[in-house]
>>> print(open('structure-v1.pdb').read())   # PDB, C-alpha atoms
ATOM      1  CA  MET A   1       1.149  -0.954   3.426  1.00  0.00           C
ATOM      2  CA  ARG A   2       0.144  -0.870  -0.191  1.00  0.00           C
ATOM      3  CA  LEU A   3      -2.517  -3.103  -1.681  1.00  0.00           C
ATOM      4  CA  GLN A   4      -1.095  -2.668  -5.165  1.00  0.00           C
ATOM      5  CA  LEU A   5       2.435  -3.333  -6.351  1.00  0.00           C
ATOM      6  CA  SER A   6       4.426  -0.268  -7.299  1.00  0.00           C
ATOM      7  CA  ARG A   7       5.654  -0.127 -10.878  1.00  0.00           C
ATOM      8  CA  ARG A   8       9.222  -0.715  -9.645  1.00  0.00           C
ATOM      9  CA  THR A   9       8.141  -3.786  -7.642  1.00  0.00           C
ATOM     10  CA  ASN A  10       6.245  -5.087 -10.666  1.00  0.00           C
ATOM     11  CA  TYR A  11       9.416  -4.691 -12.740  1.00  0.00           C
ATOM     12  CA  GLY A  12      11.386  -6.470 -10.010  1.00  0.00           C
ATOM     13  CA  LEU A  13       8.951  -9.367 -10.060  1.00  0.00           C
ATOM     14  CA  LEU A  14       9.123  -9.583 -13.867  1.00  0.00           C
ATOM     15  CA  ALA A  15      12.939  -9.548 -13.736  1.00  0.00           C
ATOM     16  CA  VAL A  16      13.079 -12.271 -11.082  1.00  0.00           C
ATOM     17  CA  LEU A  17      10.604 -14.417 -13.021  1.00  0.00           C
ATOM     18  CA  ALA A  18      12.655 -13.922 -16.200  1.00  0.00           C
ATOM     19  CA  LEU A  19      15.794 -15.073 -14.364  1.00  0.00           C
ATOM     20  CA  ALA A  20      13.934 -18.047 -12.884  1.00  0.00           C
ATOM     21  CA  ARG A  21      12.975 -19.102 -16.414  1.00  0.00           C
ATOM     22  CA  THR A  22      16.309 -18.437 -18.151  1.00  0.00           C
ATOM     23  CA  GLY A  23      18.859 -19.103 -15.418  1.00  0.00           C
ATOM     24  CA  GLU A  24      21.010 -16.104 -16.292  1.00  0.00           C
ATOM     25  CA  ALA A  25      20.551 -12.992 -18.406  1.00  0.00           C
ATOM     26  CA  THR A  26      21.936  -9.527 -18.922  1.00  0.00           C
ATOM     27  CA  ALA A  27      19.968  -6.453 -17.926  1.00  0.00           C
ATOM     28  CA  ALA A  28      19.504  -5.688 -21.630  1.00  0.00           C
ATOM     29  CA  GLU A  29      18.024  -9.143 -22.276  1.00  0.00           C
ATOM     30  CA  ILE A  30      15.644  -8.850 -19.320  1.00  0.00           C
ATOM     31  CA  GLY A  31      14.638  -5.324 -20.306  1.00  0.00           C
ATOM     32  CA  GLU A  32      13.947  -6.281 -23.894  1.00  0.00           C
ATOM     33  CA  ALA A  33      12.006  -9.431 -23.023  1.00  0.00           C
ATOM     34  CA  GLU A  34       9.912  -7.750 -20.336  1.00  0.00           C
ATOM     35  CA  GLN A  35       9.746  -4.253 -21.850  1.00  0.00           C
ATOM     36  CA  ILE A  36      11.270  -2.582 -18.804  1.00  0.00           C
ATOM     37  CA  PRO A  37      12.962   0.815 -19.251  1.00  0.00           C
ATOM     38  CA  PRO A  38      16.754   0.316 -18.939  1.00  0.00           C
ATOM     39  CA  SER A  39      17.361   3.055 -16.352  1.00  0.00           C
ATOM     40  CA  THR A  40      14.569   1.782 -14.107  1.00  0.00           C
ATOM     41  CA  LEU A  41      15.684  -1.816 -14.516  1.00  0.00           C
ATOM     42  CA  ALA A  42      19.234  -0.903 -13.481  1.00  0.00           C
ATOM     43  CA  HIS A  43      17.947   0.547 -10.192  1.00  0.00           C
ATOM     44  CA  VAL A  44      15.620  -2.395  -9.586  1.00  0.00           C
ATOM     45  CA  LEU A  45      18.319  -5.009 -10.263  1.00  0.00           C
ATOM     46  CA  ALA A  46      20.741  -3.117  -7.988  1.00  0.00           C
ATOM     47  CA  ALA A  47      18.135  -3.160  -5.187  1.00  0.00           C
ATOM     48  CA  LEU A  48      17.503  -6.881  -5.716  1.00  0.00           C
ATOM     49  CA  ALA A  49      21.262  -7.537  -5.639  1.00  0.00           C
ATOM     50  CA  ARG A  50      21.715  -5.512  -2.407  1.00  0.00           C
ATOM     51  CA  ALA A  51      18.942  -7.576  -0.829  1.00  0.00           C
ATOM     52  CA  GLY A  52      20.587 -10.831  -1.914  1.00  0.00           C
ATOM     53  CA  VAL A  53      17.735 -11.881  -4.208  1.00  0.00           C
ATOM     54  CA  VAL A  54      19.870 -11.805  -7.365  1.00  0.00           C
ATOM     55  CA  ALA A  55      23.613 -12.098  -7.912  1.00  0.00           C
ATOM     56  CA  SER A  56      25.527 -10.318 -10.618  1.00  0.00           C
ATOM     57  CA  SER A  57      28.706 -11.141 -12.469  1.00  0.00           C
ATOM     58  CA  GLN A  58      30.766  -8.413 -14.096  1.00  0.00           C
ATOM     59  CA  GLY A  59      32.638  -8.278 -17.368  1.00  0.00           C
ATOM     60  CA  ARG A  60      32.208  -9.957 -20.692  1.00  0.00           C
ATOM     61  CA  GLY A  61      29.580 -12.662 -20.450  1.00  0.00           C
ATOM     62  CA  GLY A  62      28.366 -11.206 -17.160  1.00  0.00           C
ATOM     63  CA  GLY A  63      24.783 -10.802 -16.152  1.00  0.00           C
ATOM     64  CA  TYR A  64      22.320 -11.625 -13.415  1.00  0.00           C
ATOM     65  CA  ARG A  65      21.070 -14.851 -11.910  1.00  0.00           C
ATOM     66  CA  LEU A  66      18.937 -15.743  -8.920  1.00  0.00           C
ATOM     67  CA  ALA A  67      20.920 -15.971  -5.697  1.00  0.00           C
ATOM     68  CA  TRP A  68      18.600 -18.746  -4.462  1.00  0.00           C
ATOM     69  CA  SER A  69      16.267 -21.294  -5.959  1.00  0.00           C
ATOM     70  CA  PRO A  70      12.899 -19.866  -7.089  1.00  0.00           C
ATOM     71  CA  GLY A  71      11.150 -21.662  -4.232  1.00  0.00           C
ATOM     72  CA  ALA A  72      13.380 -19.948  -1.675  1.00  0.00           C
ATOM     73  CA  ILE A  73      12.605 -16.425  -2.932  1.00  0.00           C
ATOM     74  CA  THR A  74       9.329 -14.983  -1.674  1.00  0.00           C
ATOM     75  CA  LEU A  75       7.164 -12.187  -2.953  1.00  0.00           C
ATOM     76  CA  ARG A  76       7.799 -10.332   0.309  1.00  0.00           C
ATOM     77  CA  GLN A  77      11.545 -10.380  -0.337  1.00  0.00           C
ATOM     78  CA  ILE A  78      11.015  -8.789  -3.741  1.00  0.00           C
ATOM     79  CA  VAL A  79       8.571  -6.159  -2.467  1.00  0.00           C
ATOM     80  CA  GLU A  80      10.854  -5.208   0.424  1.00  0.00           C
ATOM     81  CA  ALA A  81      14.009  -5.251  -1.701  1.00  0.00           C
ATOM     82  CA  VAL A  82      12.534  -2.752  -4.134  1.00  0.00           C
ATOM     83  CA  ASP A  83      10.148  -0.653  -2.017  1.00  0.00           C
ATOM     84  CA  GLY A  84      11.496  -1.105   1.508  1.00  0.00           C
ATOM     85  CA  PRO A  85      10.044  -2.821   4.579  1.00  0.00           C
ATOM     86  CA  LEU A  86       6.303  -3.371   4.753  1.00  0.00           C
ATOM     87  CA  GLY A  87       6.353  -1.864   8.233  1.00  0.00           C
ATOM     88  CA  GLU A  88       3.643  -1.500  10.785  1.00  0.00           C
ATOM     89  CA  PRO A  89      -0.042  -1.411   9.946  1.00  0.00           C
ATOM     90  CA  ARG A  90      -1.188   1.989   8.730  1.00  0.00           C
ATOM     91  CA  CYS A  91      -4.587   3.486   9.363  1.00  0.00           C
ATOM     92  CA  LEU A  92      -6.991   3.003   6.479  1.00  0.00           C
ATOM     93  CA  LEU A  93      -8.505   6.430   7.090  1.00  0.00           C
ATOM     94  CA  ASP A  94      -5.474   8.720   7.394  1.00  0.00           C
ATOM     95  CA  GLN A  95      -2.498   6.545   6.256  1.00  0.00           C
ATOM     96  CA  LEU A  96      -0.593   7.192   9.489  1.00  0.00           C
ATOM     97  CA  PRO A  97       0.617   4.452  11.853  1.00  0.00           C
ATOM     98  CA  CYS A  98      -2.308   3.199  13.933  1.00  0.00           C
ATOM     99  CA  LYS A  99      -2.546   4.854  17.343  1.00  0.00           C
ATOM    100  CA  THR A 100      -3.390   2.203  19.903  1.00  0.00           C
ATOM    101  CA  GLN A 101      -4.874   4.782  22.280  1.00  0.00           C
ATOM    102  CA  ALA A 102      -7.420   5.991  19.697  1.00  0.00           C
ATOM    103  CA  LEU A 103      -8.296   3.080  17.433  1.00  0.00           C
ATOM    104  CA  CYS A 104     -10.853   3.745  14.718  1.00  0.00           C
ATOM    105  CA  GLU A 105     -13.881   1.594  13.936  1.00  0.00           C
ATOM    106  CA  VAL A 106     -12.163  -0.360  11.135  1.00  0.00           C
ATOM    107  CA  HIS A 107      -8.816  -0.966  12.872  1.00  0.00           C
ATOM    108  CA  GLU A 108      -9.305  -4.650  13.766  1.00  0.00           C
ATOM    109  CA  LYS A 109     -10.480  -5.715  10.310  1.00  0.00           C
ATOM    110  CA  TRP A 110      -7.867  -3.608   8.509  1.00  0.00           C
ATOM    111  CA  ALA A 111      -5.032  -4.883  10.715  1.00  0.00           C
ATOM    112  CA  ARG A 112      -6.167  -8.475  10.057  1.00  0.00           C
ATOM    113  CA  ALA A 113      -6.269  -7.848   6.283  1.00  0.00           C
ATOM    114  CA  GLN A 114      -2.788  -6.305   6.346  1.00  0.00           C
ATOM    115  CA  HIS A 115      -1.494  -9.249   8.367  1.00  0.00           C
ATOM    116  CA  GLU A 116      -2.977 -11.757   5.896  1.00  0.00           C
ATOM    117  CA  LEU A 117      -1.475  -9.903   2.923  1.00  0.00           C
ATOM    118  CA  THR A 118       1.949  -9.891   4.570  1.00  0.00           C
ATOM    119  CA  ARG A 119       1.588 -13.598   5.403  1.00  0.00           C
ATOM    120  CA  THR A 120       0.654 -14.399   1.799  1.00  0.00           C
ATOM    121  CA  LEU A 121       3.661 -12.479   0.485  1.00  0.00           C
ATOM    122  CA  GLU A 122       5.904 -14.327   2.971  1.00  0.00           C
ATOM    123  CA  HIS A 123       4.614 -17.758   1.977  1.00  0.00           C
ATOM    124  CA  THR A 124       4.444 -17.360  -1.799  1.00  0.00           C
ATOM    125  CA  GLY A 125       7.600 -18.399  -3.576  1.00  0.00           C
ATOM    126  CA  ILE A 126       8.493 -17.367  -7.091  1.00  0.00           C
ATOM    127  CA  ASP A 127       8.235 -21.004  -8.156  1.00  0.00           C
ATOM    128  CA  ALA A 128       4.464 -20.779  -7.579  1.00  0.00           C
ATOM    129  CA  LEU A 129       4.219 -18.159 -10.328  1.00  0.00           C
ATOM    130  CA  LEU A 130       6.395 -19.761 -12.997  1.00  0.00           C
ATOM    131  CA  ASP A 131       3.611 -21.723 -14.686  1.00  0.00           C
ATOM    132  CA  CYS A 132       1.052 -18.949 -14.542  1.00  0.00           C
ATOM    133  CA  PRO A 133       0.300 -17.903 -18.154  1.00  0.00           C
ATOM    134  CA  ARG A 134       0.177 -14.235 -17.160  1.00  0.00           C
ATOM    135  CA  HIS A 135       3.764 -14.439 -15.922  1.00  0.00           C
ATOM    136  CA  LEU A 136       5.416 -16.062 -18.914  1.00  0.00           C
ATOM    137  CA  GLY A 137       6.974 -12.741 -19.846  1.00  0.00           C
ATOM    138  CA  LYS A 138       5.476  -9.988 -21.948  1.00  0.00           C
ATOM    139  CA  ALA A 139       7.277 -11.012 -25.131  1.00  0.00           C
ATOM    140  CA  ARG A 140       6.300 -14.674 -24.743  1.00  0.00           C
ATOM    141  CA  ALA A 141       2.699 -13.753 -23.880  1.00  0.00           C
ATOM    142  CA  ARG A 142       2.449 -11.642 -27.050  1.00  0.00           C
ATOM    143  CA  GLN A 143       3.797 -14.542 -29.116  1.00  0.00           C
ATOM    144  CA  THR A 144       1.244 -16.869 -27.559  1.00  0.00           C
ATOM    145  CA  ARG A 145      -1.634 -14.457 -28.275  1.00  0.00           C
ATOM    146  CA  LYS A 146      -0.442 -13.911 -31.847  1.00  0.00           C
ATOM    147  CA  ALA A 147      -0.106 -17.664 -32.475  1.00  0.00           C
ATOM    148  CA  SER A 148      -3.615 -18.279 -31.170  1.00  0.00           C
ATOM    149  CA  ARG A 149      -5.033 -15.693 -33.580  1.00  0.00           C
ATOM    150  CA  ASP A 150      -3.275 -17.241 -36.600  1.00  0.00           C
TER     151      ASP A 150
END
>>> encode(input="structure-v1.pdb", output="structure tokens")
Amino acid sequence: MRLQLSRRTNYGLLAVLALARTGEATAAEIGEAEQIPPSTLAHVLAALARAGVVASSQGRGGGYRLAWSPGAITLRQIVEAVDGPLGEPRCLLDQLPCKTQALCEVHEKWARAQHELTRTLEHTGIDALLDCPRHLGKARARQTRKASRD
């Protein structure tokens, strides 16, 4: 289990938040607003679509939208859609699955921390992040900072 989001998961979160704010957008619109490289965004959106987090429509006027309401989409769903299942607890010392026959001195505390992180990801919906100023989108955040300086 990772304690930091991968760059691809971060892009997935930004894309989902952008769709939660706008309702529907093309990959180009999301990429421009969030400054996500187009090739990476294409892979991330495809992973989110395969996982049922976003839905896509083809053709002229097509784009992406959330498959569910923002409150029904959890951070865990985004992390797992992009980076795969969180899986079993991994040893803090050697990054291998914990061996129950030879538990290390930090196993209990580390397993509890991993469980709490997974639980938090499971119980945090995207709607909880929509009003957070840091998640208003990179372009919008820059506009806000610029306006406050003027």
>>> residues_around(input="structure-v1.pdb", residues="A:Arg119", least_positions_apart="3", cutoff="12 Å", atoms="all atoms listed in the file", output="list in words")
Thr74, Leu75, Arg76, Gln77, Leu86, Arg112, Ala113, Gln114, His115, Glu116, Glu122, His123, Thr124 and Gly125 of chain A
>>> resolve_selection(input="structure-v1.pdb", expression="the PyMOL selection byres ((chain A and resi 20) around 12)", output="ChimeraX atom specification")
/A:13-19,21-25,30,53-54,64-73,125-131,135-137
>>> atom_distance(input="structure-v1.pdb", atom1="atom CA of A:Arg50", atom2="atom CA of A:Ile36")
19.7 Å
>>> atom_distance(input="structure-v1.pdb", atom1="atom CA of A:Glu34", atom2="atom CA of A:Tyr11")
8.2 Å
>>> closest_residue(input="structure-v1.pdb", among="A:Thr9, A:Ala46, A:Glu105, A:Thr26", to="A:Arg60", atoms="all atoms listed in the file")
A:Thr26
>>> closest_residue(input="structure-v1.pdb", among="A:Ala111, A:Leu45, A:Ala51, A:Val106", to="A:Pro85", atoms="all atoms listed in the file")
A:Ala51
>>> closest_residue(input="structure-v1.pdb", among="A:Gly63, A:Ser56, A:Val82, A:His107", to="A:Ala28", atoms="all atoms listed in the file")
A:Gly63
>>> atom_distance(input="structure-v1.pdb", atom1="atom CA of A:Cys132", atom2="atom CA of A:Gly12")
16.8 Å
>>> closest_residue(input="structure-v1.pdb", among="A:Val79, A:Arg8, A:Pro97, A:Gly61", to="A:Pro37", atoms="all atoms listed in the file")
A:Arg8
>>> axis_aligned_box(input="structure-v1.pdb", around="stretch 111-122 of chain A", padding_each_side="8 Å", output="lines of an AutoDock Vina configuration file")
center_x = -0.2
center_y = -9.6
center_z = 5.6
size_x = 28.2
size_y = 25.5
size_z = 26.2
>>> closest_residue(input="structure-v1.pdb", among="A:Gly59, A:Ser39, A:Leu48, A:Glu32", to="A:Gly84", atoms="all atoms listed in the file")
A:Leu48
